[in-house]
Structures are given as C-alpha cells and as structure tokens.
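One file, start-v4.tsv, carrying TSV, C-alpha atoms and all ligand atoms:
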```tsv
chain	number	residue	atom	x	y	z
W	1	MET	CA	41.67	-9.71	-1.62
W	2	ILE	CA	42.37	-7.82	1.59
W	3	GLU	CA	43.35	-4.19	1.41
W	4	VAL	CA	44.07	-1.85	4.28
W	5	ARG	CA	44.58	1.73	3.14
W	6	GLU	CA	46.08	4.48	5.29
W	7	ALA	CA	44.55	3.06	8.46
W	8	THR	CA	44.97	4.73	11.82
W	9	PHE	CA	43.92	2.89	14.93
W	10	TYR	CA	43.93	3.91	18.60
W	11	TYR	CA	42.99	2.00	21.72
W	12	PRO	CA	41.58	4.12	24.48
W	13	CYS	CA	44.17	4.25	27.25
W	14	ARG	CA	43.60	3.81	30.97
W	15	LYS	CA	45.76	6.84	31.73
W	16	GLY	CA	44.08	9.42	29.50
W	17	SER	CA	45.89	9.74	26.15
W	18	PRO	CA	44.91	7.09	23.61
W	19	GLN	CA	47.47	4.49	22.53
W	20	LEU	CA	48.33	4.85	18.84
W	21	LEU	CA	48.82	1.40	17.32
W	22	PHE	CA	48.56	1.90	13.55
W	23	GLU	CA	49.22	5.11	11.66
W	24	GLY	CA	48.97	5.40	7.86
W	25	PHE	CA	49.05	1.61	7.73
W	26	ASN	CA	48.88	-0.02	4.29
W	27	LEU	CA	48.61	-3.66	3.33
W	28	LEU	CA	47.52	-5.54	0.21
W	29	ILE	CA	47.03	-9.30	0.27
W	30	PRO	CA	45.89	-10.81	-3.06
W	31	GLN	CA	43.03	-13.31	-3.09
W	32	GLY	CA	44.17	-16.91	-2.68
W	33	SER	CA	47.29	-16.06	-0.63
W	34	TYR	CA	48.36	-18.08	2.39
W	35	VAL	CA	50.16	-15.60	4.63
W	36	ALA	CA	51.77	-16.30	8.00
W	37	LEU	CA	51.67	-13.29	10.31
W	38	MET	CA	54.25	-13.13	13.08
W	39	GLY	CA	55.49	-10.44	15.42
W	40	PRO	CA	56.19	-9.83	19.10
W	41	ASN	CA	53.41	-9.70	21.68
W	42	GLY	CA	51.53	-6.45	21.37
W	43	ALA	CA	52.70	-5.85	17.77
W	44	GLY	CA	49.10	-5.44	16.64
W	45	LYS	CA	48.52	-8.81	14.95
W	46	SER	CA	45.13	-9.49	16.53
W	47	THR	CA	44.07	-5.87	16.11
W	48	LEU	CA	44.89	-6.08	12.40
W	49	GLY	CA	42.93	-9.35	12.10
W	50	LYS	CA	39.95	-7.80	13.86
W	51	MET	CA	40.05	-4.74	11.58
W	52	ILE	CA	39.95	-7.07	8.58
W	53	LYS	CA	36.91	-8.87	10.01
W	54	GLY	CA	35.34	-5.54	10.99
W	55	LEU	CA	35.30	-6.34	14.72
W	56	LEU	CA	37.34	-3.14	15.12
W	57	SER	CA	37.22	-0.12	12.80
W	58	PRO	CA	40.10	2.23	12.03
W	59	SER	CA	39.54	5.82	13.13
W	60	SER	CA	40.73	6.94	9.71
W	61	GLY	CA	41.59	5.09	6.53
W	62	GLN	CA	39.74	2.10	5.17
W	63	VAL	CA	39.63	-1.68	4.92
W	64	PHE	CA	38.51	-3.27	1.64
W	65	ILE	CA	37.38	-6.87	1.36
W	66	GLY	CA	37.31	-8.13	-2.22
W	67	GLY	CA	37.45	-4.49	-3.34
W	68	GLN	CA	34.42	-3.49	-1.26
W	69	PRO	CA	34.98	-0.97	1.55
W	70	LEU	CA	33.93	-2.04	5.05
W	71	ARG	CA	31.68	0.57	6.63
W	72	PRO	CA	32.61	1.63	10.19
W	73	GLY	CA	31.15	-0.96	12.56
W	74	GLU	CA	30.29	-3.38	9.74
W	75	ILE	CA	31.33	-6.97	10.47
W	76	SER	CA	32.19	-8.77	7.26
W	77	PRO	CA	30.48	-12.14	6.64
W	78	ARG	CA	33.12	-12.69	3.93
W	79	VAL	CA	35.81	-12.99	6.61
W	80	GLY	CA	35.90	-15.92	9.04
W	81	TYR	CA	37.78	-15.40	12.30
W	82	VAL	CA	39.11	-18.32	14.34
W	83	PHE	CA	40.49	-17.64	17.83
W	84	SER	CA	42.81	-19.82	19.94
W	85	ASN	CA	40.14	-21.00	22.30
W	86	ALA	CA	37.70	-23.20	20.39
W	87	GLU	CA	35.51	-23.76	23.42
W	88	ASN	CA	34.65	-20.06	23.62
W	89	GLN	CA	33.57	-20.03	19.99
W	90	ILE	CA	31.20	-22.95	20.14
W	91	VAL	CA	27.61	-21.91	20.78
W	92	ALA	CA	25.40	-24.94	20.17
W	93	SER	CA	25.10	-28.24	22.03
W	94	VAL	CA	25.25	-30.42	18.89
W	95	VAL	CA	28.06	-30.23	16.31
W	96	GLU	CA	25.90	-29.79	13.20
W	97	GLU	CA	23.82	-27.08	14.88
W	98	ASP	CA	26.97	-25.23	15.76
W	99	VAL	CA	28.22	-25.38	12.18
W	100	ALA	CA	24.82	-24.16	10.96
W	101	PHE	CA	24.54	-21.37	13.53
W	102	ALA	CA	25.76	-18.41	11.46
W	103	LEU	CA	23.87	-19.62	8.38
W	104	GLU	CA	20.66	-19.86	10.37
W	105	ASN	CA	21.19	-16.33	11.69
W	106	ARG	CA	21.52	-15.09	8.15
W	107	GLY	CA	18.34	-16.87	7.09
W	108	VAL	CA	20.00	-19.20	4.58
W	109	ASP	CA	17.57	-21.59	2.89
W	110	PRO	CA	17.37	-24.88	4.89
W	111	SER	CA	18.28	-27.16	1.98
W	112	ILE	CA	21.30	-25.02	1.07
W	113	MET	CA	22.20	-24.90	4.74
W	114	ALA	CA	22.06	-28.70	5.13
W	115	ARG	CA	24.33	-29.19	2.12
W	116	ARG	CA	26.85	-26.59	3.26
W	117	VAL	CA	26.98	-28.03	6.78
W	118	GLN	CA	27.56	-31.52	5.38
W	119	ASP	CA	30.23	-30.36	2.92
W	120	SER	CA	32.10	-28.38	5.56
W	121	LEU	CA	32.03	-31.21	8.09
W	122	ARG	CA	33.35	-33.53	5.39
W	123	LEU	CA	36.12	-31.09	4.49
W	124	VAL	CA	37.35	-30.96	8.10
W	125	ASP	CA	36.92	-34.73	8.49
W	126	MET	CA	34.25	-34.45	11.20
W	127	GLU	CA	31.23	-35.98	9.42
W	128	ASP	CA	31.08	-38.83	11.94
W	129	TYR	CA	30.65	-36.36	14.78
W	130	ARG	CA	27.73	-34.36	13.43
W	131	PHE	CA	25.35	-35.37	16.23
W	132	HIS	CA	27.96	-35.22	19.00
W	133	PRO	CA	27.97	-32.64	21.79
W	134	PRO	CA	30.99	-30.39	21.09
W	135	HIS	CA	32.06	-30.19	24.72
W	136	LEU	CA	32.97	-33.90	24.64
W	137	LEU	CA	35.37	-33.42	21.71
W	138	SER	CA	39.13	-32.82	21.94
W	139	GLY	CA	40.48	-29.30	21.51
W	140	GLY	CA	41.57	-30.11	17.97
W	141	GLN	CA	38.17	-31.56	17.06
W	142	GLN	CA	36.47	-28.50	18.51
W	143	GLN	CA	38.72	-26.26	16.46
W	144	LYS	CA	37.71	-28.28	13.37
W	145	VAL	CA	34.04	-27.66	14.22
W	146	VAL	CA	34.75	-23.91	14.48
W	147	LEU	CA	36.53	-24.07	11.11
W	148	ALA	CA	33.59	-25.95	9.58
W	149	GLY	CA	31.29	-23.13	10.73
W	150	VAL	CA	33.49	-20.58	9.00
W	151	LEU	CA	33.71	-22.71	5.85
W	152	ALA	CA	29.94	-23.20	5.79
W	153	MET	CA	29.62	-19.42	5.60
W	154	GLU	CA	31.73	-19.65	2.42
W	155	SER	CA	34.05	-17.03	3.84
W	156	GLU	CA	36.59	-16.11	1.19
W	157	ILE	CA	39.07	-14.94	3.83
W	158	LEU	CA	40.11	-16.86	6.93
W	159	VAL	CA	41.83	-15.01	9.76
W	160	LEU	CA	43.32	-17.68	12.05
W	161	ASP	CA	44.49	-16.06	15.27
W	162	GLU	CA	46.94	-18.47	16.93
W	163	PRO	CA	44.49	-21.30	16.21
W	164	THR	CA	46.81	-24.06	17.44
W	165	SER	CA	48.22	-22.45	20.55
W	166	MET	CA	45.96	-24.45	22.88
W	167	LEU	CA	46.31	-27.78	21.09
W	168	ASP	CA	48.56	-30.76	21.75
W	169	LEU	CA	51.12	-31.82	19.15
W	170	GLN	CA	48.95	-34.30	17.25
W	171	ASP	CA	45.88	-32.04	17.07
W	172	ARG	CA	48.17	-29.24	15.98
W	173	GLN	CA	49.59	-31.25	13.07
W	174	GLU	CA	46.08	-32.26	11.98
W	175	ILE	CA	44.82	-28.68	12.05
W	176	LEU	CA	47.87	-27.44	10.15
W	177	ASP	CA	47.35	-30.15	7.50
W	178	LEU	CA	43.75	-29.03	7.30
W	179	PHE	CA	44.78	-25.42	6.57
W	180	ALA	CA	46.96	-26.70	3.73
W	181	LYS	CA	44.03	-28.76	2.41
W	182	ILE	CA	41.63	-25.81	2.61
W	183	HIS	CA	44.12	-23.56	0.89
W	184	GLY	CA	44.83	-26.26	-1.70
W	185	GLN	CA	41.19	-26.15	-2.78
W	186	GLY	CA	41.93	-22.69	-4.13
W	187	GLY	CA	40.20	-19.36	-3.89
W	188	ARG	CA	40.44	-18.67	-0.18
W	189	THR	CA	42.86	-16.24	1.41
W	190	ILE	CA	44.39	-17.39	4.70
W	191	LEU	CA	45.98	-15.03	7.20
W	192	HIS	CA	47.51	-17.26	9.87
W	193	ILE	CA	48.74	-15.48	13.00
W	194	THR	CA	51.29	-17.64	14.79
W	195	HIS	CA	54.16	-17.60	17.29
W	196	SER	CA	55.75	-20.66	15.71
W	197	PHE	CA	58.25	-20.20	12.92
W	198	GLU	CA	57.76	-23.84	11.97
W	199	GLU	CA	54.04	-23.22	11.48
W	200	ALA	CA	54.74	-20.03	9.59
W	201	LEU	CA	56.97	-21.91	7.13
W	202	ARG	CA	53.89	-23.82	5.98
W	203	ALA	CA	52.45	-20.62	4.53
W	204	GLN	CA	53.47	-19.27	1.14
W	205	GLU	CA	54.23	-15.79	2.32
W	206	PHE	CA	55.49	-14.20	5.47
W	207	LEU	CA	54.33	-10.96	7.07
W	208	TYR	CA	56.24	-9.66	10.07
W	209	LEU	CA	54.61	-6.93	12.10
W	210	ASP	CA	56.43	-4.96	14.78
W	211	ASN	CA	54.91	-2.10	16.71
W	212	GLY	CA	52.14	-1.56	14.16
W	213	ARG	CA	54.55	-1.55	11.19
W	214	VAL	CA	55.28	-4.08	8.48
W	215	SER	CA	58.95	-5.09	8.84
W	216	PHE	CA	58.73	-7.69	6.09
W	217	PHE	CA	56.10	-8.92	3.68
W	218	GLY	CA	57.03	-11.29	0.90
W	219	THR	CA	57.67	-14.84	-0.14
W	220	TRP	CA	59.83	-17.19	1.92
W	221	ASN	CA	62.38	-17.31	-0.90
W	222	ASP	CA	62.69	-13.55	-0.75
W	223	PHE	CA	63.00	-13.70	3.05
W	224	PHE	CA	65.78	-16.29	3.01
W	225	ASP	CA	67.54	-14.81	-0.04
W	226	ARG	CA	67.81	-11.50	1.76
W	227	GLY	CA	69.33	-13.20	4.78
W	228	LEU	CA	66.66	-11.74	7.01
W	229	LEU	CA	67.00	-14.45	9.62
W	230	ASP	CA	70.07	-12.59	10.89
W	231	ASN	CA	68.00	-9.46	11.15
W	232	ALA	CA	66.61	-7.94	14.31
W	233	MET	CA	63.34	-9.89	14.06
W	234	ARG	CA	62.76	-11.53	17.39
W	235	ILE	CA	61.91	-15.00	16.17
W	236	ALA	CA	62.64	-18.22	18.00
W	237	LEU	CA	63.95	-20.47	15.25
W	238	PRO	CA	63.24	-24.19	15.09
W	239	PRO	CA	66.39	-26.19	15.99
W	240	ILE	CA	66.87	-27.40	12.41
W	241	LEU	CA	67.15	-23.82	11.11
W	242	GLU	CA	69.59	-22.96	13.89
W	243	LEU	CA	71.71	-25.93	12.86
W	244	ILE	CA	71.61	-24.88	9.20
W	245	GLN	CA	72.60	-21.33	10.18
W	246	GLU	CA	75.49	-22.64	12.25
W	247	LEU	CA	76.71	-24.87	9.41
W	248	ARG	CA	76.61	-21.87	7.06
W	249	GLU	CA	78.55	-19.75	9.53
W	250	ARG	CA	81.21	-22.47	9.59
W	251	GLY	CA	81.58	-22.19	5.85
W	252	HIS	CA	79.32	-24.98	4.59
W	253	LEU	CA	77.58	-23.89	1.40
W	254	ILE	CA	73.97	-24.81	2.07
W	255	PRO	CA	71.48	-23.21	-0.31
W	256	ASN	CA	68.64	-21.06	1.00
W	257	ALA	CA	66.06	-23.52	-0.27
W	258	VAL	CA	67.13	-26.00	2.43
W	259	ARG	CA	64.81	-25.33	5.39
W	260	SER	CA	63.87	-28.69	6.88
W	261	LEU	CA	65.55	-31.83	8.18
W	262	ASP	CA	64.51	-33.81	5.08
W	263	GLU	CA	65.84	-31.12	2.77
W	264	LEU	CA	69.13	-30.96	4.67
W	265	ARG	CA	69.48	-34.75	4.59
W	266	GLY	CA	68.75	-34.84	0.85
W	267	PHE	CA	71.19	-32.03	0.16
W	268	LEU	CA	74.03	-33.56	2.20
W	269	LEU	CA	73.55	-36.97	0.59
W	270	ARG	CA	73.76	-35.39	-2.87
W	271	ASN	CA	76.60	-33.02	-1.93
W	272	PRO	CA	78.79	-34.73	0.67
W	273	GLN	CA	81.63	-32.26	0.08
W	274	SER	CA	79.60	-29.13	0.80
W	301	LIG	N1	40.96	-3.94	24.10
W	301	LIG	C1	42.11	-3.27	24.24
W	301	LIG	N2	42.16	-2.11	24.92
W	301	LIG	C2	43.30	-1.42	25.05
W	301	LIG	N3	44.47	-1.80	24.52
W	301	LIG	C3	44.49	-2.94	23.83
W	301	LIG	C4	43.31	-3.75	23.65
W	301	LIG	N4	43.64	-4.84	22.91
W	301	LIG	C5	44.95	-4.72	22.65
W	301	LIG	N5	45.46	-3.60	23.19
W	301	LIG	C6	46.86	-3.15	23.08
W	301	LIG	O1	47.19	-2.97	21.72
W	301	LIG	C7	48.47	-3.51	21.41
W	301	LIG	C8	48.37	-4.55	20.34
W	301	LIG	O2	47.56	-5.64	20.79
W	301	LIG	P1	47.28	-6.92	19.88
W	301	LIG	O3	46.75	-6.48	18.56
W	301	LIG	O4	46.44	-7.82	20.69
W	301	LIG	O5	48.75	-7.50	19.69
W	301	LIG	P2	49.24	-8.97	19.27
W	301	LIG	O6	48.05	-9.76	18.81
W	301	LIG	O7	50.25	-8.73	18.19
W	301	LIG	O8	49.89	-9.55	20.47
W	301	LIG	C9	49.01	-4.04	22.72
W	301	LIG	O9	49.87	-3.04	23.27
W	301	LIG	C10	47.80	-4.20	23.59
W	301	LIG	O10	48.09	-3.98	24.95
W	302	MG	MG	47.16	-11.53	19.44
```

Can I see the file as structure tokens?
Amino acid sequence: MIEVREATFYYPCRKGSPQLLFEGFNLLIPQGSYVALMGPNGAGKSTLGKMIKGLLSPSSGQVFIGGQPLRPGEISPRVGYVFSNAENQIVASVVEEDVAFALENRGVDPSIMARRVQDSLRLVDMEDYRFHPPHLLSGGQQQKVVLAGVLAMESEILVLDEPTSMLDLQDRQEILDLFAKIHGQGGRTILHITHSFEEALRAQEFLYLDNGRVSFFGTWNDFFDRGLLDNAMRIALPPILELIQELRERGHLIPNAVRSLDELRGFLLRNPQS
C-alpha cells in the first residue's frame, strides 16, 4: 500500500521564492493495484513517484509504504523505480551482476542472491542473456534487465516513470506485456507513469494529476461511465477512441465498455442496428 498524507512539496526556485508543487496532497493506493498515472508535463508525476521512493521528501506531511512511515531522506528498498533511460540505470558490465547489484549492496546472502537473480531474469525472459554485456542489448532488453534488478529486490511497489518512452514499438509491446505478467503474479503494486492513453488503458485504475492535484482517481469503468473523456483533461486519445466518440456523437449507442478495435468489431457484429 502507498499512502501520501497531507504532503507539501516545494522545489527551490531560481528566482528566489520556492515553487509550491504539492500542498495538503493525499493519496491512497491499495496493495496489488495497477495504476496508470497521466497528466500534463510539469504536473508533478515524477516528483510524486520520487516522494514514494523516498528520493525526495515532502517538507510537511508523510509518505507511508505498507503502513510504515518513510523518514525524511530515507530511500525505500520496498519501492523499485524505473526511469525512461535504461542505459543510465545499468551499472555493471555483465547482466547478472547488474541484476545482483542492489542485493550485493545490501549484503544479501550469496545463495539467496543467486536464486533471486535467476528467478528475476526468468520472469523478464532474459535468462539467456545473463552473461551478456548490457550495453550490447536493445533498449527493451536493457529495460528488462533494470526491471529484473528491481524484482530481485522483491520490491512490493514498482514506480515506472515513462518506462517505454525511449523504446521502439515491438520492445514497447513486450515491456507492456511484461508489466501485465508481473502484476498478474499478484501482490505487487504498480504505478505506471505514461503519456500514452493506450498504455494507460492496460492498467486497472487511472490517476490523473494536474498541477499537483488529483483530477481523477478511479477505475476505468468509473472514468468512462462519468463521461470524463469529454472533460478538460488534456489527453491525446488513440484513434479508435476518437472514432468511438464520434460514432456516439452521431447517435450510435455504443456502450462504455467498448474501448478497443476488437471490442468495437465484436459489438457491431452482434448489434448491426446500433
Ligand atoms: N529538480 C528540480 N528543481 C526545480 N524544479 C523542478 C525540479 N524537478 C521538477 N521541477 C519542476 O516541478 C514541476 C513538476 O515536475 P515533474 O514532477 O518532473 O513533472 P512531470 O513528471 O509531471 O512532468 C515542474 O514545473 C518542474 O519544472
Ligand atoms: Mg516526469
């Protein structure tokens, strides 16, 4: 579980007065959730993620991880953070050493470490690359190595900060499928920061942040039922959702549960008169 309670956060400003980003900010994400976090540039998405990991501390208020308060300056080993640029996050010259890096730093027993490294590499489908130098891997493979490192730490919370933004289409699909697989194993909470509405739809819940405030947090059903797509949220919709919106505006009765091309096809074949 992630809880942010009454958090206030300032960045020091170049021109004197500090920039207030969060004020009395509250958020509760139950354990095991898969939440997509969207919002305009500068909304505070990365800052929120870093507060949850403990890379940044609120000036007042508190962050709780699994019910335990994070002390100011304390970086939580229970939270794994994955940035866009995999290359910058890889530290070792051999894949398995990179995956083991954080465990080694924490003095984890070598036999436990070996098992965790192997299990995590298997989970991300990178077992065959354990002795490879990471810099020869594709961006997507490197991102899988970074993920394996986080999984090896048995982090119960994953903060994924635009993890696919530097990947090509195929790597992106593979990584997204991997998130679903990791989430499907149960237990872990995923907070996936993204600029892509299509990616966000893969999550179970949707959190929209604007200017340090939560504009929406709830399930996708709730989001669509409330007709929030028409709202002021500045989201670039995938073409299929634009088409569905347009059909609705022209009087076609397409239920809210229809959100993809396959669903639209299935619905129209069953209901040709709609
Ligand atoms: N290290 C920093 N120093 C000063 N201001 C920052 C720093 N990092 C981010 N900001 C500012 O804080 C706001 C939120 O940034 P960020 O959390 O990175 O937004 P997002 O990830 O939603 O794009 C932006 O206005 C940004 O300019
Ligand atoms: Mg960001």

Grab all the atoms of ligand LIG 301 (chain W) that the file lists, wrap them in a box along x, y and z, add 3 Å per side, and give me centre plus edge lengths in Å (one decimal) as lines of an AutoDock Vina configuration file.
```
center_x = 45.6
center_y = -5.6
center_z = 21.6
size_x = 15.3
size_y = 14.3
size_z = 12.9
```

| field | Computed interatomic separation between CA of Asp161 in chain W and CA of Gly227 in chain W (Å) | value |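 Between CA of Asp161 in chain W and CA of Gly227 in chain W the gap is 27.1 Å.
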
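The shortest atom-to-atom distance to ligand MG 302 (chain W), with only C-alpha atoms and all ligand atoms taken into account, belongs to W:Pro163 out of W:Gly54, W:Gly139, W:Pro163, W:Pro18.
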
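Distance-wise, CA of Ser17 in chain W and CA of Leu37 in chain W end up 28.5 Å apart.
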
| Polymer residues at most 12 Å from Lys181 in chain W, all atoms listed in the file, same-chain spacing of 6 or more positions, as number ranges by chain | W: 34, 123-125, 174-175, 187-188, 190, 202-203

| task | Could you tell me, counting all atoms listed in the file, which protein and nucleic acid residues lie no more than 9 Å from ligand MG 302 (chain W), written as a list of chain:residue names? | result | W:Asn41, W:Gly42, W:Ala43, W:Gly44, W:Lys45, W:Ser46, W:Thr47, W:Gly49, W:Asp161, W:Glu162, W:Ile193, W:Thr194

Written selection (C-alpha atoms) as a PDB file, in the coordinates of the input:
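Below is the file again_12.pdb, written as the result:
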```pdb
ATOM      1  CA  ASN W  41      53.410  -9.700  21.680  1.00  0.00           C
ATOM      2  CA  GLY W  42      51.530  -6.450  21.370  1.00  0.00           C
ATOM      3  CA  ALA W  43      52.700  -5.850  17.770  1.00  0.00           C
ATOM      4  CA  GLY W  44      49.100  -5.440  16.640  1.00  0.00           C
ATOM      5  CA  LYS W  45      48.520  -8.810  14.950  1.00  0.00           C
ATOM      6  CA  SER W  46      45.130  -9.490  16.530  1.00  0.00           C
ATOM      7  CA  THR W  47      44.070  -5.870  16.110  1.00  0.00           C
ATOM      8  CA  GLY W  49      42.930  -9.350  12.100  1.00  0.00           C
ATOM      9  CA  ASP W 161      44.490 -16.060  15.270  1.00  0.00           C
ATOM     10  CA  GLU W 162      46.940 -18.470  16.930  1.00  0.00           C
ATOM     11  CA  ILE W 193      48.740 -15.480  13.000  1.00  0.00           C
ATOM     12  CA  THR W 194      51.290 -17.640  14.790  1.00  0.00           C
TER      13      THR W 194
END
```

| task | Considering all atoms listed in the file, state which residue in the set W:Leu264, W:Leu209, W:Val146, W:Ile235 is at the smallest distance from ligand LIG 301 (chain W). | result |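 For ligand LIG 301 (chain W), the nearest of the given residues is W:Leu209.
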
Using the structure block above, produce a file of range 231-255 of chain W that contains N, CA and C atoms, as a PDB file, in the first residue's frame.
```pdb
ATOM      1  N   ASN W 231     -14.136  15.751 -20.728  1.00  0.00           N
ATOM      2  CA  ASN W 231     -13.695  16.720 -19.738  1.00  0.00           C
ATOM      3  C   ASN W 231     -12.453  17.475 -20.184  1.00  0.00           C
ATOM      4  N   ALA W 232     -12.022  18.379 -19.356  1.00  0.00           N
ATOM      5  CA  ALA W 232     -10.905  19.250 -19.736  1.00  0.00           C
ATOM      6  C   ALA W 232      -9.534  18.572 -19.690  1.00  0.00           C
ATOM      7  N   MET W 233      -9.499  17.266 -19.380  1.00  0.00           N
ATOM      8  CA  MET W 233      -8.199  16.591 -19.318  1.00  0.00           C
ATOM      9  C   MET W 233      -7.536  16.645 -20.687  1.00  0.00           C
ATOM     10  N   ARG W 234      -6.303  17.045 -20.675  1.00  0.00           N
ATOM     11  CA  ARG W 234      -5.603  17.209 -21.950  1.00  0.00           C
ATOM     12  C   ARG W 234      -4.945  15.893 -22.344  1.00  0.00           C
ATOM     13  N   ILE W 235      -5.753  14.997 -22.881  1.00  0.00           N
ATOM     14  CA  ILE W 235      -5.238  13.676 -23.231  1.00  0.00           C
ATOM     15  C   ILE W 235      -5.380  13.471 -24.730  1.00  0.00           C
ATOM     16  N   ALA W 236      -4.299  13.062 -25.367  1.00  0.00           N
ATOM     17  CA  ALA W 236      -4.384  12.691 -26.777  1.00  0.00           C
ATOM     18  C   ALA W 236      -4.945  11.281 -26.849  1.00  0.00           C
ATOM     19  N   LEU W 237      -6.140  11.150 -27.410  1.00  0.00           N
ATOM     20  CA  LEU W 237      -6.787   9.841 -27.453  1.00  0.00           C
ATOM     21  C   LEU W 237      -6.256   9.010 -28.613  1.00  0.00           C
ATOM     22  N   PRO W 238      -6.215   7.671 -28.413  1.00  0.00           N
ATOM     23  CA  PRO W 238      -5.883   6.816 -29.551  1.00  0.00           C
ATOM     24  C   PRO W 238      -7.008   6.933 -30.598  1.00  0.00           C
ATOM     25  N   PRO W 239      -6.665   6.785 -31.880  1.00  0.00           N
ATOM     26  CA  PRO W 239      -7.660   6.966 -32.944  1.00  0.00           C
ATOM     27  C   PRO W 239      -8.939   6.151 -32.733  1.00  0.00           C
ATOM     28  N   ILE W 240      -8.815   4.940 -32.215  1.00  0.00           N
ATOM     29  CA  ILE W 240     -10.007   4.102 -32.061  1.00  0.00           C
ATOM     30  C   ILE W 240     -10.998   4.742 -31.074  1.00  0.00           C
ATOM     31  N   LEU W 241     -10.488   5.357 -30.014  1.00  0.00           N
ATOM     32  CA  LEU W 241     -11.400   6.003 -29.064  1.00  0.00           C
ATOM     33  C   LEU W 241     -12.015   7.266 -29.665  1.00  0.00           C
ATOM     34  N   GLU W 242     -11.262   7.947 -30.508  1.00  0.00           N
ATOM     35  CA  GLU W 242     -11.828   9.115 -31.191  1.00  0.00           C
ATOM     36  C   GLU W 242     -12.963   8.698 -32.111  1.00  0.00           C
ATOM     37  N   LEU W 243     -12.751   7.575 -32.805  1.00  0.00           N
ATOM     38  CA  LEU W 243     -13.791   7.063 -33.695  1.00  0.00           C
ATOM     39  C   LEU W 243     -15.041   6.686 -32.891  1.00  0.00           C
ATOM     40  N   ILE W 244     -14.835   5.999 -31.772  1.00  0.00           N
ATOM     41  CA  ILE W 244     -15.975   5.584 -30.946  1.00  0.00           C
ATOM     42  C   ILE W 244     -16.734   6.818 -30.431  1.00  0.00           C
ATOM     43  N   GLN W 245     -15.973   7.825 -29.995  1.00  0.00           N
ATOM     44  CA  GLN W 245     -16.599   9.082 -29.543  1.00  0.00           C
ATOM     45  C   GLN W 245     -17.453   9.690 -30.649  1.00  0.00           C
ATOM     46  N   GLU W 246     -16.864   9.710 -31.867  1.00  0.00           N
ATOM     47  CA  GLU W 246     -17.565  10.342 -32.988  1.00  0.00           C
ATOM     48  C   GLU W 246     -18.844   9.575 -33.322  1.00  0.00           C
ATOM     49  N   LEU W 247     -18.758   8.246 -33.285  1.00  0.00           N
ATOM     50  CA  LEU W 247     -19.946   7.437 -33.561  1.00  0.00           C
ATOM     51  C   LEU W 247     -21.037   7.719 -32.529  1.00  0.00           C
ATOM     52  N   ARG W 248     -20.609   7.844 -31.254  1.00  0.00           N
ATOM     53  CA  ARG W 248     -21.582   8.155 -30.196  1.00  0.00           C
ATOM     54  C   ARG W 248     -22.241   9.503 -30.443  1.00  0.00           C
ATOM     55  N   GLU W 249     -21.395  10.484 -30.798  1.00  0.00           N
ATOM     56  CA  GLU W 249     -21.937  11.826 -31.049  1.00  0.00           C
ATOM     57  C   GLU W 249     -22.948  11.816 -32.192  1.00  0.00           C
ATOM     58  N   ARG W 250     -22.785  10.882 -33.119  1.00  0.00           N
ATOM     59  CA  ARG W 250     -23.727  10.794 -34.246  1.00  0.00           C
ATOM     60  C   ARG W 250     -24.926   9.915 -33.919  1.00  0.00           C
ATOM     61  N   GLY W 251     -25.042   9.553 -32.641  1.00  0.00           N
ATOM     62  CA  GLY W 251     -26.248   8.869 -32.204  1.00  0.00           C
ATOM     63  C   GLY W 251     -26.145   7.354 -32.136  1.00  0.00           C
ATOM     64  N   HIS W 252     -24.987   6.778 -32.440  1.00  0.00           N
ATOM     65  CA  HIS W 252     -24.849   5.327 -32.308  1.00  0.00           C
ATOM     66  C   HIS W 252     -24.707   4.979 -30.831  1.00  0.00           C
ATOM     67  N   LEU W 253     -25.444   3.958 -30.399  1.00  0.00           N
ATOM     68  CA  LEU W 253     -25.448   3.613 -28.976  1.00  0.00           C
ATOM     69  C   LEU W 253     -24.369   2.577 -28.698  1.00  0.00           C
ATOM     70  N   ILE W 254     -23.168   3.048 -28.449  1.00  0.00           N
ATOM     71  CA  ILE W 254     -22.052   2.141 -28.184  1.00  0.00           C
ATOM     72  C   ILE W 254     -21.736   2.184 -26.696  1.00  0.00           C
ATOM     73  N   PRO W 255     -21.810   1.025 -26.034  1.00  0.00           N
ATOM     74  CA  PRO W 255     -21.626   1.029 -24.578  1.00  0.00           C
ATOM     75  C   PRO W 255     -20.206   1.466 -24.173  1.00  0.00           C
TER      76      PRO W 255
END
```
